[in-house]
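Here the structure is laid out as structure tokens; the discussion comes afterwards.
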Amino acid sequence: MAILKYEDLELEFIPMKFINWGTWPEWSFKVCLKWKGIPVLNEKVMKRYGNFWSMGKEGGVIASEQDELLLLDDFNACIKDKKTRIWESHPDPDMSVSIFPDRAFPYLEEVEVGVYSIIISPDAYQFKDTDSYMGYSGVSFVMVVENLEFENFVSDLKKEFEQLKYN
């Protein structure tokens with residue numbers, strides 16, 4: 001499983017669905033932040049109807065990407081060149097994922113070699129009764145992990161997406 005851990009905090013990425021529409025592929029995945037194994041999101045405030053939104057059940061937020069799986073490309077490029085990347089789900093702006101190499105708290109601009117900060121920012125459209133996207137207003141998940149852990153996580157996530165594609 002593709003999980004980033006720091007003591008009792010866990011950030012899990014779970015590939016959920018792959019569809020080949022003929023002219024383009026589509027991947028959907030769930031991200032869940034847990035404390036001591038318990039999801040931190042309140043299910044009562046999350047959108048959970050229909051096939052797409054119900055994939056987020058049990059503490060997750062959902063994103064999808066069409067055409068190419070650029071999330072993994074951004075993760076790998078960040079590992080290679082140590083430059084900040086910000087991925088956005090496409091075509092719908094359900095989530096952004098910001099990756100900051102050598103930064104424990106990216107907004108301070110202080111270098112801290114050997115760590116990555118990952119910030120998951122789902123749009124508040126994932127909350128119950130919202131009817132439009134809100135420009136990433138809402139809640140974000142933040143995780144700071146050591147380089148090797150992030151690299152292993154990216155490798156595991158790639159394998160999980162490949163398994164999903166070929167099953």
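Ordered as shown in the structure tokens, chains take letters A, B, and onward, while each chain numbers its residues from 1 and ligands are numbered from 1 in the order shown.
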Tell me, counting only C-alpha atoms, for each residue of stretch 33-83 of chain A within 9 Å of stretch 125-135 of chain A, which pair of atoms is nearest and how far apart they are in Å to one decimal, in rows ordered by chain and increasing number, as JSON lines.
{"residue": "A:Lys44", "atom": "CA", "partner": "A:Lys128", "partner_atom": "CA", "distance": 8.0}
{"residue": "A:Val45", "atom": "CA", "partner": "A:Lys128", "partner_atom": "CA", "distance": 5.4}
{"residue": "A:Met46", "atom": "CA", "partner": "A:Phe127", "partner_atom": "CA", "distance": 4.3}
{"residue": "A:Lys47", "atom": "CA", "partner": "A:Lys128", "partner_atom": "CA", "distance": 4.2}
{"residue": "A:Arg48", "atom": "CA", "partner": "A:Lys128", "partner_atom": "CA", "distance": 7.6}
{"residue": "A:Trp53", "atom": "CA", "partner": "A:Gln126", "partner_atom": "CA", "distance": 7.7}
{"residue": "A:Val61", "atom": "CA", "partner": "A:Gln126", "partner_atom": "CA", "distance": 7.0}
{"residue": "A:Ile62", "atom": "CA", "partner": "A:Gln126", "partner_atom": "CA", "distance": 7.8}
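Straight-line separation from atom CA of A:Val142 to atom CA of A:Asp92: 21.9 Å.
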Return as a Markdown table the residues of stretch 43-100 of chain A lying at most 6 Å from stretch 106-118 of chain A, together with the closest atom-to-atom pair for each and the distance in Å to one decimal, counting only C-alpha atoms, with rows in chain order and ascending residue number.
| residue | atom | partner | partner_atom | distance |
| --- | --- | --- | --- | --- |
| A:Ser98 | CA | A:Ile118 | CA | 5.7 |
| A:Ile99 | CA | A:Ile118 | CA | 4.7 |
| A:Phe100 | CA | A:Ser117 | CA | 5.0 |
Which polymer residues have any atom within 9 Å of an atom of A:Ser64, counting only C-alpha atoms, with same-chain residues fewer than 2 positions away left out, as JSON, numbers by chain?
{"A": [17, 26, 27, 28, 29, 30, 62, 66, 89, 90, 91, 92, 93, 94, 95]}
Once DSSP has gone over the backbone, tell me which residues of chain A are in alpha helix (DSSP H), as a ChimeraX atom specification.
/A:50-53,70-81,147-166
Measuring between only C-alpha atoms, which one of A:Leu9, A:Val139, A:Ile19, A:Leu72 shows the shortest distance to A:Ile86?
A:Leu72
Strand (DSSP E) positions in stretch 6-158 of chain A, given as an NGL selection string:
:A and (6 or 9-20 or 25-35 or 38-39 or 60-66 or 85-88 or 95-101 or 115-122 or 141-146)
If you count only C-alpha atoms, which residues fall within 6 Å of A:Gly59, apart from same-chain ones fewer than 5 positions away, as a PyMOL selection string?
chain A and resi 32+39+41
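Note that atom CA of A:Ile14 and atom CA of A:Met1 are 7.6 Å apart.
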Within 12 Å of A:Asn152, counting only C-alpha atoms, which residues show up once you throw out same-chain ones fewer than 5 positions away? Write them as a PyMOL selection string, please.
chain A and resi 1-5+75-76+79+145-147+157-159
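Taking atom CA of A:Phe153 as the reference point, atom CA of A:Ala63 is found at 18.1 Å.
When the distance limit is 6 Å and only C-alpha atoms are what count, the residues near A:Val31, minus those fewer than 4 positions from it on the same chain, are Glu12, Phe13, Gly60 and Val61 of chain A.
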